[in-house]
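Engineer: Supplied structure: run-v6.cif, mmCIF, C-alpha atoms.
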```
data_start
loop_
_atom_site.label_atom_id
_atom_site.label_comp_id
_atom_site.auth_asym_id
_atom_site.auth_seq_id
_atom_site.Cartn_x
_atom_site.Cartn_y
_atom_site.Cartn_z
CA MET H 1 0.00 0.00 0.00
CA MET H 2 1.15 3.50 -0.72
CA LYS H 3 2.33 5.51 2.23
CA GLU H 4 -0.23 8.01 3.35
CA MET H 5 0.57 11.62 2.56
CA ASP H 6 1.45 13.76 5.54
CA TYR H 7 0.76 17.45 6.13
CA ILE H 8 2.69 19.77 8.43
CA ARG H 9 2.21 23.48 9.00
CA PRO H 10 5.40 24.89 10.52
CA ASN H 11 5.14 28.04 12.61
CA SER H 12 8.40 29.59 11.48
CA ILE H 13 10.97 29.52 8.69
CA GLU H 14 13.29 27.84 11.18
CA GLU H 15 10.82 25.02 11.71
CA ALA H 16 10.10 24.74 7.97
CA VAL H 17 13.75 24.24 6.99
CA GLN H 18 14.14 21.77 9.84
CA ILE H 19 11.33 19.66 8.37
CA LEU H 20 12.76 19.98 4.84
CA SER H 21 16.14 18.69 6.02
CA ASP H 22 14.67 15.72 7.90
CA PRO H 23 16.10 12.62 6.16
CA GLY H 24 13.11 10.59 7.38
CA ARG H 25 10.73 12.32 5.03
CA ARG H 26 10.51 13.99 1.67
CA GLY H 27 8.83 17.29 2.28
CA LYS H 28 7.34 19.50 -0.41
CA LEU H 29 6.71 23.18 0.14
CA LEU H 30 3.10 24.23 -0.27
CA ALA H 31 2.39 27.94 -0.56
CA GLY H 32 -0.43 28.98 -2.90
CA GLY H 33 -0.84 25.46 -4.24
CA THR H 34 -1.98 26.72 -7.64
CA ASP H 35 0.83 24.93 -9.48
CA LEU H 36 1.57 22.15 -7.00
CA LEU H 37 -1.96 20.76 -6.80
CA VAL H 38 -2.23 20.73 -10.59
CA GLN H 39 1.10 18.91 -10.90
CA LYS H 40 0.00 16.40 -8.28
CA ARG H 41 -2.89 15.36 -10.54
CA VAL H 42 -0.56 14.78 -13.46
CA ASP H 43 2.60 13.28 -11.94
CA PRO H 44 2.73 10.92 -9.00
CA PRO H 45 4.22 12.93 -6.11
CA ASP H 46 7.89 12.32 -5.33
CA TYR H 47 7.28 13.60 -1.81
CA ASP H 48 5.41 12.22 1.18
CA CYS H 49 4.70 15.35 3.15
CA PHE H 50 3.23 18.77 2.40
CA VAL H 51 5.03 21.53 4.27
CA ASP H 52 2.49 24.34 4.30
CA ILE H 53 4.17 27.74 4.49
CA SER H 54 1.13 29.71 3.32
CA ARG H 55 0.51 31.20 6.76
CA LEU H 56 4.07 32.20 7.67
CA SER H 57 3.85 35.93 8.36
CA GLU H 58 7.66 36.11 8.22
CA ILE H 59 7.54 35.68 4.44
CA GLN H 60 4.58 37.95 3.75
CA GLN H 61 6.02 41.42 4.19
CA ILE H 62 6.50 44.20 1.70
CA ARG H 63 8.64 47.13 2.78
CA VAL H 64 11.22 49.63 1.56
CA SER H 65 14.04 50.84 3.73
CA ASP H 66 17.05 52.90 2.69
CA GLY H 67 16.14 52.49 -0.94
CA VAL H 68 15.99 48.69 -0.76
CA PHE H 69 12.78 46.83 -1.50
CA TYR H 70 12.04 43.79 0.61
CA LEU H 71 9.38 41.53 -0.83
CA GLY H 72 8.33 38.36 1.02
CA ALA H 73 8.17 35.21 -1.08
CA GLY H 74 4.79 34.32 0.42
CA VAL H 75 3.05 37.47 -0.78
CA THR H 76 0.18 36.68 -3.14
CA HIS H 77 -0.19 38.12 -6.63
CA ALA H 78 -3.40 39.86 -5.52
CA VAL H 79 -1.56 41.67 -2.72
CA ILE H 80 1.34 42.75 -4.95
CA ALA H 81 -1.06 44.00 -7.63
CA GLN H 82 -2.60 46.41 -5.13
CA ASP H 83 0.32 47.30 -2.90
CA PRO H 84 0.86 51.09 -2.73
CA LEU H 85 4.69 50.83 -2.57
CA ILE H 86 4.82 48.49 -5.55
CA LEU H 87 2.42 50.68 -7.52
CA LYS H 88 4.41 53.79 -6.71
CA TYR H 89 7.93 52.59 -7.47
CA VAL H 90 7.79 49.40 -9.56
CA SER H 91 4.35 49.35 -11.10
CA PHE H 92 5.36 46.84 -13.78
CA LEU H 93 5.54 44.17 -11.09
CA ALA H 94 1.93 44.95 -10.18
CA GLN H 95 1.01 44.77 -13.88
CA ALA H 96 2.75 41.40 -14.15
CA CYS H 97 1.03 39.98 -11.07
CA LEU H 98 -2.33 41.30 -12.24
CA SER H 99 -1.85 39.41 -15.51
CA VAL H 100 -1.51 36.09 -13.68
CA GLY H 101 -4.42 33.66 -14.07
CA SER H 102 -7.69 34.78 -12.53
CA PRO H 103 -8.83 36.48 -9.31
CA GLN H 104 -8.99 33.02 -7.72
CA ILE H 105 -5.41 32.17 -8.71
CA ARG H 106 -4.08 35.59 -7.71
CA ASN H 107 -5.71 35.30 -4.28
CA THR H 108 -3.66 32.24 -3.44
CA GLY H 109 -0.66 32.02 -5.80
CA THR H 110 2.53 33.58 -4.44
CA LEU H 111 5.53 35.38 -5.89
CA GLY H 112 7.95 32.84 -4.40
CA GLY H 113 5.91 30.02 -5.88
CA ASN H 114 5.90 31.66 -9.30
CA VAL H 115 9.70 31.85 -9.22
CA ALA H 116 10.31 28.44 -7.64
CA ASN H 117 7.97 26.70 -10.08
CA ALA H 118 10.01 28.40 -12.80
CA ALA H 119 7.67 28.00 -15.72
CA ALA H 120 9.20 29.53 -18.85
CA CYS H 121 6.13 31.73 -18.99
CA ALA H 122 6.13 32.77 -15.29
CA ASP H 123 4.70 36.27 -15.41
CA SER H 124 6.69 37.76 -12.52
CA LEU H 125 10.10 36.76 -13.88
CA PRO H 126 10.75 39.51 -16.48
CA ALA H 127 10.04 42.32 -13.99
CA LEU H 128 12.08 40.67 -11.22
CA VAL H 129 14.98 40.09 -13.60
CA CYS H 130 14.77 43.68 -14.86
CA LEU H 131 15.07 44.83 -11.26
CA ASP H 132 18.15 42.63 -10.75
CA ALA H 133 16.15 41.09 -7.91
CA VAL H 134 18.05 38.89 -5.48
CA ALA H 135 16.36 35.79 -4.06
CA HIS H 136 17.19 35.03 -0.43
CA LEU H 137 17.30 31.31 0.25
CA ARG H 138 17.23 29.53 3.58
CA SER H 139 18.02 26.01 4.61
CA LYS H 140 19.21 24.36 7.78
CA ARG H 141 22.70 24.85 6.39
CA GLY H 142 22.28 28.60 6.42
CA GLU H 143 21.38 31.44 4.12
CA ARG H 144 22.49 32.27 0.62
CA GLN H 145 21.55 34.80 -2.00
CA MET H 146 21.23 34.47 -5.72
CA LEU H 147 20.08 36.70 -8.56
CA VAL H 148 16.66 35.59 -9.80
CA THR H 149 18.06 35.39 -13.33
CA GLU H 150 20.59 32.82 -12.06
CA LEU H 151 18.27 31.00 -9.68
CA VAL H 152 15.92 30.12 -12.53
CA LYS H 153 18.14 28.15 -14.88
CA GLY H 154 15.54 27.12 -17.41
CA PRO H 155 11.95 25.93 -17.78
CA HIS H 156 11.02 24.26 -14.46
CA GLU H 157 14.66 24.14 -13.48
CA THR H 158 16.10 26.11 -10.58
CA ALA H 159 19.24 26.14 -8.49
CA LEU H 160 17.11 25.53 -5.38
CA GLU H 161 18.11 22.54 -3.27
CA THR H 162 15.29 20.31 -2.02
CA ASP H 163 15.87 21.45 1.56
CA GLU H 164 15.84 25.13 0.65
CA LEU H 165 13.10 27.71 0.59
CA ILE H 166 12.92 31.24 -0.81
CA THR H 167 12.21 33.61 2.08
CA HIS H 168 12.17 36.91 0.21
CA PHE H 169 13.43 39.01 -2.66
CA THR H 170 15.35 42.26 -2.46
CA PHE H 171 16.10 44.86 -5.10
CA LEU H 172 17.04 48.51 -5.28
CA GLN H 173 14.32 51.07 -5.57
CA PRO H 174 14.61 52.46 -9.12
CA PRO H 175 16.28 55.91 -9.37
CA PRO H 176 13.91 58.91 -9.51
CA GLY H 177 12.12 59.38 -12.81
CA VAL H 178 12.55 55.82 -14.01
CA LYS H 179 9.33 54.46 -15.53
CA THR H 180 8.49 50.76 -15.64
CA HIS H 181 6.14 48.82 -17.87
CA PHE H 182 5.10 45.22 -18.57
CA ILE H 183 3.33 43.79 -21.60
CA LYS H 184 2.06 40.25 -21.98
CA ILE H 185 0.73 38.48 -25.02
CA GLY H 186 -1.61 35.58 -24.33
CA ARG H 187 -4.28 33.87 -26.37
CA ARG H 188 -6.89 35.84 -24.49
CA ASN H 189 -6.80 38.33 -21.64
CA ALA H 190 -8.06 36.19 -18.80
CA GLN H 191 -6.47 33.00 -17.49
CA SER H 192 -3.88 32.98 -20.21
CA ILE H 193 -0.42 31.52 -20.26
CA SER H 194 2.12 34.00 -21.63
CA ARG H 195 3.12 33.34 -25.21
CA LEU H 196 5.57 36.15 -24.85
CA SER H 197 6.02 39.08 -22.52
CA ILE H 198 8.38 41.94 -21.88
CA ALA H 199 9.36 44.13 -18.95
CA ALA H 200 11.31 47.36 -19.19
CA MET H 201 12.55 50.24 -17.06
CA GLY H 202 13.62 53.49 -18.65
CA ARG H 203 14.30 57.19 -18.35
CA LYS H 204 15.54 59.92 -20.63
CA ASP H 205 17.55 62.97 -19.63
CA LYS H 206 16.56 66.59 -20.21
CA ASN H 207 17.90 66.44 -23.77
CA GLY H 208 15.68 63.46 -24.58
CA ASN H 209 18.52 60.94 -24.56
CA VAL H 210 18.15 57.55 -22.92
CA ASP H 211 19.98 57.67 -19.60
CA PHE H 212 18.55 54.57 -17.91
CA ILE H 213 17.31 51.41 -19.63
CA ARG H 214 16.76 47.79 -18.73
CA ILE H 215 14.80 45.37 -20.84
CA CYS H 216 13.90 41.73 -20.31
CA PRO H 217 11.63 39.54 -22.44
CA GLY H 218 9.65 36.68 -20.89
CA ALA H 219 9.02 33.25 -22.40
CA ALA H 220 11.47 34.19 -25.16
CA THR H 221 14.62 32.45 -23.98
CA PRO H 222 15.12 29.36 -21.79
CA ARG H 223 16.57 31.50 -19.00
CA THR H 224 14.87 34.82 -18.33
CA MET H 225 17.53 37.50 -18.71
CA ARG H 226 18.09 41.12 -19.53
CA PHE H 227 19.18 41.75 -23.11
CA THR H 228 22.13 43.88 -22.06
CA GLU H 229 23.50 44.19 -25.62
CA VAL H 230 20.33 46.01 -26.60
CA GLU H 231 20.43 48.11 -23.42
CA THR H 232 24.00 49.18 -24.22
CA TYR H 233 22.94 50.05 -27.74
CA LEU H 234 20.08 52.22 -26.48
CA MET H 235 22.01 54.11 -23.80
CA GLY H 236 22.70 57.74 -24.65
CA LYS H 237 20.68 57.68 -27.88
CA GLN H 238 17.85 60.08 -28.64
CA ALA H 239 14.54 58.47 -27.64
CA CYS H 240 12.36 58.35 -30.77
CA GLU H 241 10.24 56.03 -32.91
CA GLU H 242 13.17 55.01 -35.17
CA LEU H 243 15.15 54.00 -32.11
CA TYR H 244 12.29 51.83 -30.79
CA VAL H 245 11.92 50.09 -34.16
CA ASP H 246 15.65 49.54 -34.32
CA ALA H 247 15.65 48.16 -30.75
CA GLY H 248 12.79 45.80 -31.64
CA GLN H 249 14.82 44.33 -34.47
CA ARG H 250 17.83 43.92 -32.22
CA MET H 251 15.74 42.22 -29.51
CA ALA H 252 14.34 39.73 -32.03
CA ALA H 253 17.76 39.06 -33.51
CA ARG H 254 19.26 38.47 -30.06
CA MET H 255 16.44 36.07 -29.17
CA VAL H 256 17.06 33.98 -32.29
CA GLU H 257 20.79 34.03 -31.55
CA ILE H 258 20.07 32.45 -28.17
CA THR H 259 17.30 30.00 -29.05
CA GLY H 260 18.08 29.20 -32.68
CA VAL H 261 15.20 28.94 -35.11
CA ARG H 262 12.34 27.03 -33.47
CA TRP H 263 8.80 26.20 -34.57
CA SER H 264 7.54 29.34 -32.85
CA THR H 265 10.28 31.69 -34.08
CA GLU H 266 8.39 33.00 -37.07
CA TYR H 267 5.71 34.28 -34.73
CA LYS H 268 7.90 35.30 -31.81
CA GLU H 269 10.28 37.42 -33.91
CA VAL H 270 7.46 39.62 -35.15
CA ALA H 271 5.72 39.70 -31.79
CA LEU H 272 8.88 40.54 -29.83
CA LYS H 273 9.65 43.41 -32.21
CA ALA H 274 6.17 44.80 -31.69
CA ILE H 275 6.09 44.58 -27.90
CA THR H 276 9.62 45.97 -27.65
CA GLU H 277 8.51 49.06 -29.54
CA ARG H 278 5.40 49.36 -27.37
CA VAL H 279 7.22 48.91 -24.07
CA LEU H 280 9.91 51.44 -25.03
CA ARG H 281 7.26 53.96 -26.02
CA GLU H 282 5.82 53.57 -22.52
CA VAL H 283 9.02 53.93 -20.52
CA LEU H 284 10.81 56.46 -22.74
CA GLY H 285 7.87 58.28 -24.32
CA MET A 1 -6.09 13.89 9.68
CA GLU A 2 -8.47 15.96 11.74
CA ILE A 3 -9.52 19.34 10.38
CA THR A 4 -11.71 21.87 12.18
CA PHE A 5 -13.04 24.88 10.34
CA ILE A 6 -16.05 27.14 9.94
CA LEU A 7 -18.26 26.11 7.04
CA ASN A 8 -21.12 28.45 6.22
CA ARG A 9 -21.03 29.88 9.74
CA GLN A 10 -21.01 26.48 11.45
CA LYS A 11 -18.09 24.79 13.08
CA VAL A 12 -17.22 21.53 11.36
CA ARG A 13 -14.79 18.81 12.38
CA VAL A 14 -13.78 16.08 9.94
CA ASP A 15 -11.23 13.32 9.76
CA VAL A 16 -9.94 13.01 6.20
CA PRO A 17 -6.78 12.06 4.27
CA ALA A 18 -4.24 14.92 4.24
CA ASP A 19 -3.85 15.00 0.47
CA ILE A 20 -7.42 15.70 -0.64
CA THR A 21 -8.54 19.07 -1.96
CA LEU A 22 -11.06 21.35 -0.32
CA LEU A 23 -13.33 20.54 -3.26
CA SER A 24 -13.22 16.84 -2.46
CA LEU A 25 -13.67 17.54 1.24
CA LEU A 26 -16.84 19.51 0.54
CA ARG A 27 -18.39 17.12 -1.96
CA ASP A 28 -17.12 13.64 -1.12
CA TYR A 29 -16.84 13.87 2.66
CA LEU A 30 -19.40 16.51 3.64
CA HIS A 31 -21.78 15.75 0.74
CA MET A 32 -22.26 19.41 -0.05
CA THR A 33 -22.53 19.12 -3.78
CA GLY A 34 -23.46 22.72 -4.59
CA THR A 35 -19.79 23.40 -5.30
CA LYS A 36 -19.17 21.90 -8.73
CA VAL A 37 -16.32 19.85 -10.13
CA GLY A 38 -15.15 21.22 -13.46
CA CYS A 39 -11.61 21.19 -14.76
CA GLU A 40 -9.90 20.59 -11.39
CA VAL A 41 -6.90 22.63 -12.55
CA GLY A 42 -8.04 26.15 -11.71
CA GLU A 43 -9.25 27.12 -15.18
CA CYS A 44 -13.04 27.06 -14.95
CA GLY A 45 -14.03 28.44 -11.54
CA ALA A 46 -16.97 26.02 -11.11
CA CYS A 47 -15.57 25.06 -7.69
CA SER A 48 -15.15 28.65 -6.45
CA VAL A 49 -15.73 29.29 -2.74
CA LEU A 50 -14.87 32.07 -0.34
CA LEU A 51 -11.95 31.31 1.99
CA ASP A 52 -11.70 33.94 4.73
CA GLY A 53 -13.75 36.16 2.42
CA LYS A 54 -11.48 35.70 -0.60
CA LEU A 55 -12.52 33.97 -3.79
CA VAL A 56 -10.50 30.78 -4.38
CA ASP A 57 -10.72 27.66 -6.51
CA SER A 58 -11.45 24.89 -4.01
CA CYS A 59 -9.78 22.39 -6.37
CA LEU A 60 -6.46 24.16 -5.73
CA VAL A 61 -6.72 24.37 -1.95
CA LEU A 62 -5.46 21.44 0.06
CA ALA A 63 -8.11 20.43 2.62
CA PRO A 64 -5.84 20.82 5.69
CA GLN A 65 -5.15 24.41 4.64
CA VAL A 66 -8.62 25.45 5.84
CA GLU A 67 -7.91 24.48 9.46
CA GLY A 68 -9.31 27.22 11.69
CA ARG A 69 -10.47 29.30 8.74
CA GLU A 70 -13.85 30.28 7.36
CA VAL A 71 -15.26 28.76 4.18
CA ILE A 72 -18.45 29.94 2.50
CA THR A 73 -19.92 27.84 -0.28
CA ILE A 74 -22.95 28.34 -2.48
CA GLU A 75 -25.00 26.63 0.27
CA GLY A 76 -24.05 29.52 2.55
CA VAL A 77 -25.08 32.48 0.41
CA CYS A 78 -28.85 32.05 0.61
CA ALA A 79 -31.16 34.57 2.27
CA GLU A 80 -31.70 34.23 6.01
CA ASP A 81 -34.88 32.18 5.56
CA GLY A 82 -33.07 29.72 3.30
CA SER A 83 -34.59 31.02 0.07
CA PRO A 84 -32.37 32.24 -2.80
CA SER A 85 -30.35 35.38 -2.08
CA ASP A 86 -31.01 38.65 -3.92
CA LEU A 87 -28.08 37.85 -6.22
CA GLN A 88 -29.44 34.38 -6.98
CA LYS A 89 -32.92 35.79 -7.65
CA ASN A 90 -31.40 38.30 -10.02
CA PHE A 91 -29.54 35.52 -11.86
CA ILE A 92 -32.94 33.93 -12.44
CA SER A 93 -34.73 37.11 -13.51
CA ALA A 94 -31.90 38.22 -15.79
CA GLY A 95 -31.97 34.87 -17.55
CA ALA A 96 -28.39 34.25 -16.48
CA VAL A 97 -28.88 30.53 -15.91
CA GLN A 98 -29.00 28.03 -18.72
CA CYS A 99 -27.45 24.65 -17.98
CA GLY A 100 -26.57 25.99 -14.55
CA TYR A 101 -23.32 24.13 -14.01
CA CYS A 102 -21.13 27.23 -13.73
CA ILE A 103 -23.67 29.18 -11.70
CA PRO A 104 -22.59 28.30 -8.14
CA GLY A 105 -19.09 29.51 -9.04
CA MET A 106 -20.47 32.57 -10.82
CA VAL A 107 -22.58 33.49 -7.80
CA MET A 108 -19.55 33.12 -5.51
CA ALA A 109 -17.46 35.33 -7.82
CA GLY A 110 -20.27 37.89 -7.92
CA GLU A 111 -20.62 37.76 -4.14
CA ALA A 112 -16.86 38.23 -3.70
CA LEU A 113 -16.99 41.35 -5.88
CA LEU A 114 -20.06 42.79 -4.14
CA ARG A 115 -18.37 42.38 -0.77
CA LYS A 116 -15.62 44.68 -2.05
CA THR A 117 -17.73 47.24 -3.88
CA LEU A 118 -21.38 48.04 -4.50
CA LYS A 119 -20.54 50.37 -7.36
CA PRO A 120 -18.68 48.16 -9.82
CA THR A 121 -18.43 49.18 -13.46
CA ARG A 122 -19.42 46.62 -16.08
CA SER A 123 -15.78 46.09 -16.89
CA GLU A 124 -15.00 45.52 -13.21
CA ILE A 125 -17.76 42.91 -13.12
CA ARG A 126 -16.29 41.24 -16.20
CA GLU A 127 -12.84 41.37 -14.61
CA ALA A 128 -14.24 39.73 -11.46
CA LEU A 129 -15.61 36.88 -13.59
CA THR A 130 -12.41 36.19 -15.52
CA GLY A 131 -11.79 33.03 -13.52
CA ASN A 132 -15.20 31.58 -14.26
CA LEU A 133 -16.19 29.95 -17.52
CA CYS A 134 -19.74 29.71 -18.85
CA ARG A 135 -20.34 27.97 -22.16
CA CYS A 136 -24.06 28.78 -22.46
CA THR A 137 -25.00 32.34 -21.69
CA GLY A 138 -22.34 34.47 -23.30
CA TYR A 139 -21.92 36.20 -19.91
CA GLN A 140 -24.10 39.24 -20.68
CA GLN A 141 -26.96 38.16 -18.46
CA ILE A 142 -24.60 37.13 -15.69
CA VAL A 143 -23.03 40.59 -15.74
CA ASP A 144 -26.55 42.07 -15.78
CA ALA A 145 -27.55 40.06 -12.71
CA ILE A 146 -24.53 41.21 -10.72
CA GLU A 147 -24.97 44.81 -11.83
CA MET A 148 -28.65 44.69 -10.84
CA THR A 149 -27.77 43.34 -7.40
CA ALA A 150 -25.10 45.98 -6.87
CA LYS A 151 -27.62 48.73 -7.62
CA GLN A 152 -30.25 47.25 -5.32
CA ARG A 153 -27.82 46.71 -2.49
CA SER A 154 -26.35 50.19 -2.74
CA GLN A 155 -29.85 51.69 -2.74
CA THR A 156 -30.78 49.70 0.35
CA GLN A 157 -27.54 50.75 1.96
CA SER A 158 -27.91 54.44 1.16
CA GLY A 159 -31.56 54.24 2.36
CA ARG A 160 -30.28 52.80 5.61
CA ASP A 161 -27.58 55.49 5.86
CA LYS A 162 -30.19 58.24 5.46
CA ASN A 163 -32.33 56.78 8.26
CA VAL A 164 -29.32 56.89 10.58
#
```
What is this structure when it is put down as structure tokens?

Structural biologist:
Amino acid sequence: MMKEMDYIRPNSIEEAVQILSDPGRRGKLLAGGTDLLVQKRVDPPDYDCFVDISRLSEIQQIRVSDGVFYLGAGVTHAVIAQDPLILKYVSFLAQACLSVGSPQIRNTGTLGGNVANAAACADSLPALVCLDAVAHLRSKRGERQMLVTELVKGPHETALETDELITHFTFLQPPPGVKTHFIKIGRRNAQSISRLSIAAMGRKDKNGNVDFIRICPGAATPRTMRFTEVETYLMGKQACEELYVDAGQRMAARMVEITGVRWSTEYKEVALKAITERVLREVLG
Amino acid sequence: MEITFILNRQKVRVDVPADITLLSLLRDYLHMTGTKVGCEVGECGACSVLLDGKLVDSCLVLAPQVEGREVITIEGVCAEDGSPSDLQKNFISAGAVQCGYCIPGMVMAGEALLRKTLKPTRSEIREALTGNLCRCTGYQQIVDAIEMTAKQRSQTQSGRDKNV
């Protein structure tokens, strides 16, 4: 007979990592459950115990101090989408979280879960990567930090150890005047999985030249990363339509360089060009 | 494992396997079949319930997660005398019910919205229903029913405010 599944709800991060490191069981972190409970229907679980961290207040804070954002991994998409600090300084993260699933999914799904599940189409990734967000990981062995772009190595593949959990993310508050924007293309507006998305941060100086730019497409490359070559190209140039069109072509070319020509390339090239232009218009316009 | 929670304002204690969903707990163990089984992957919203006042898909909540919390299902939204609520009556009068399968979830989504605001725009109502699929009505009448209820409730409320 199959071993009965266990369920534990630790009262602290300390307790959670203790359970995860217990050699006598194979614990699986449960936060929002919106990915995990779907996977459980499809694949037989390789764990024998749910470790429910959905009520840990330690991982549910959002705050800014000394210009550093602190964002708990257990915060739900619904909370991020409405948080005044997020909306004020990094509104593209709110846009991204608002584009996730449905009200039901956003009420339970968490930011940490979105990153740890590491779907190629995870909606929060482009904005987090644009922000150079750092994931803070905890295990019984201690703490370590890793850039989100490095933590998520590819579709459903992360550098997380099985006894580790993401406690929070940190990133610098964008400099004054920097605008952020996120665009997602899905098959419909509601409940859609990203076909392609893009996040950008930008600012121009008083002469109209680009003096801050970061740009990161989502679901375009196996690892979500900033296209720094394009950023370097844009820096210092006069912000105008021709520049956005040019940047769109460069983004598409860079994507193909990384992925090679795939079945979806014909579509993605055109689409990435278009959303690059649109996102640049928003942050530099 | 033993789970104690508040279901439709009543304390409930059950002993169930730890790996079942809230949906299964409600239907298979408590025999409250108003909450419907649809896709079971969080796409259709037929199994929507309120968990501590928030709309969730009960197919994506693990049963033990409701320990000590409050769940309201379609069985808990009726009027005080057990008859249909104002929202449910409006679903009927707006012609918002055809096959009816999605309706418990639709009513819960509508209720969740009306608890937040009594002055929703039509696009806010549509937004609130994005997690609920209906393959019969084309949604118009469902939006109508929720809009109608919002108007009635806000009139009742402002009437009450004036009396105070």

Engineer: Using all atoms listed in the file, can you list as an mmCIF file with C-alpha atoms, keeping the file's coordinate frame the residues within 8 Å of (9.0, 43.3, -23.1)?

Structural biologist:
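So the final result, stored in point_4.cif, reads:
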```cif
data_model
loop_
_atom_site.group_PDB
_atom_site.id
_atom_site.type_symbol
_atom_site.label_atom_id
_atom_site.label_comp_id
_atom_site.auth_asym_id
_atom_site.auth_seq_id
_atom_site.Cartn_x
_atom_site.Cartn_y
_atom_site.Cartn_z
ATOM 1 C CA PRO H 126 10.750 39.510 -16.480
ATOM 2 C CA PHE H 182 5.100 45.220 -18.570
ATOM 3 C CA ILE H 183 3.330 43.790 -21.600
ATOM 4 C CA LYS H 184 2.060 40.250 -21.980
ATOM 5 C CA SER H 197 6.020 39.080 -22.520
ATOM 6 C CA ILE H 198 8.380 41.940 -21.880
ATOM 7 C CA ALA H 199 9.360 44.130 -18.950
ATOM 8 C CA ALA H 200 11.310 47.360 -19.190
ATOM 9 C CA ILE H 215 14.800 45.370 -20.840
ATOM 10 C CA CYS H 216 13.900 41.730 -20.310
ATOM 11 C CA PRO H 217 11.630 39.540 -22.440
ATOM 12 C CA GLY H 218 9.650 36.680 -20.890
ATOM 13 C CA LEU H 272 8.880 40.540 -29.830
ATOM 14 C CA ILE H 275 6.090 44.580 -27.900
ATOM 15 C CA THR H 276 9.620 45.970 -27.650
ATOM 16 C CA VAL H 279 7.220 48.910 -24.070
#
```

Engineer: Please enumerate the residues selected by the PyMOL selection byres ((chain H) within 7 of (chain A)) when evaluated against the supplied file, formatted as a ChimeraX atom specification.

Structural biologist: /H:5-7,33-34,37-38,102-105,107,190-191

Engineer: Evaluate the PyMOL selection byres ((chain A and resi 143-152) around 10) and record the selected residues as JSON, numbers by chain, following the chain and residue labels used in the document.

Structural biologist: {"A": [85, 86, 87, 88, 89, 90, 91, 92, 93, 94, 95, 96, 106, 107, 109, 110, 111, 113, 114, 115, 117, 118, 119, 120, 121, 122, 123, 124, 125, 126, 128, 129, 138, 139, 140, 141, 142, 153, 154, 155, 156, 157, 158]}

Engineer: Using all atoms listed in the file, find the one residue out of H:Ala78, H:Leu280, H:Val148, H:Leu165 that sits nearest to Ser99 in chain H.

Structural biologist: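 Smallest distance to Ser99 in chain H is found for H:Ala78.
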
Engineer: To one decimal place, how far is CA of Asn114 in chain H from CA of Met251 in chain H in Å?

Structural biologist: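 Pair CA of Asn114 in chain H / CA of Met251 in chain H returns 24.8 Å.
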
Engineer: Name every residue that the PyMOL selection byres ((chain H and resi 86-92) around 6) selects in this structure, writing the answer as a tab-separated table (two decimals) with C-alpha atoms, in the coordinates of the input with chains first and numbers rising.

Structural biologist:
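out-v9.tsv, freshly written:
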```
chain	number	residue	atom	x	y	z
H	83	ASP	CA	0.32	47.30	-2.90
H	84	PRO	CA	0.86	51.09	-2.73
H	85	LEU	CA	4.69	50.83	-2.57
H	93	LEU	CA	5.54	44.17	-11.09
H	94	ALA	CA	1.93	44.95	-10.18
H	95	GLN	CA	1.01	44.77	-13.88
H	180	THR	CA	8.49	50.76	-15.64
H	181	HIS	CA	6.14	48.82	-17.87
H	182	PHE	CA	5.10	45.22	-18.57
```

Engineer: Skipping near chain neighbours, those fewer than 6 positions away, what residues fall within 7 Å of range 40-47 of chain H using all atoms listed in the file, listed as JSON, numbers by chain?

Structural biologist: {"H": [26, 27, 28]}

Engineer: Quick one: distance from CA of Ala220 in chain H to CA of Thr265 in chain H in Å, one decimal?

Structural biologist: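 Computing it gives 9.3 Å between the two atoms.
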
Engineer: So that I can see what lies close to Ala252 in chain H, please list as a list in words the residues with an atom at most 10 Å from it, counting only C-alpha atoms and leaving out residues fewer than 2 positions away in the same chain.

Structural biologist: Pro217, Ala220, Ala247, Gly248, Gln249, Arg250, Arg254, Met255, Val256, Glu257, Thr265, Lys268, Glu269, Val270, Ala271, Leu272, Lys273, Ala274 and Thr276 of chain H

Engineer: Please compute the CA of Ala127 in chain H-CA of Gly177 in chain H distance, one decimal, in Å.

Structural biologist: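 Atom-to-atom, CA of Ala127 in chain H to CA of Gly177 in chain H, that is 17.2 Å.
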
Engineer: I want to know what sits within 6 Å of Val51 in chain H, based on only C-alpha atoms, with residues of the same chain fewer than 6 positions away left out; could you give that as a ChimeraX atom specification?

Structural biologist: /H:8-9,28-30

Engineer: Using only C-alpha atoms, which of H:Leu172, H:Leu20, H:Met235, H:Cys49 sits nearest Tyr70 in chain H?

Structural biologist: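 Answer, going by the shortest atom-to-atom distance: H:Leu172.
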
Engineer: Go through A:Ile74, A:Ala79, A:Val66, A:Cys136 one by one, measure the shortest atom-to-atom distance of each to Ile6 in chain A using all atoms listed in the file, and give the residue with the smallest value.

Structural biologist: A:Val66

Engineer: Contacts of Gly76 in chain A at 10 Å or less, counting all atoms listed in the file, minus same-chain residues fewer than 6 places along, as JSON, numbers by chain?

Structural biologist: {"A": [7, 8, 9, 10, 34, 49, 50, 82, 85, 108]}

Engineer: Measuring between all atoms listed in the file, which one of H:Tyr244, H:Arg55, H:Arg106, H:Asn207 shows the shortest distance to Gly68 in chain A?

Structural biologist: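 That would be H:Arg55, the residue with the smallest distance to Gly68 in chain A.
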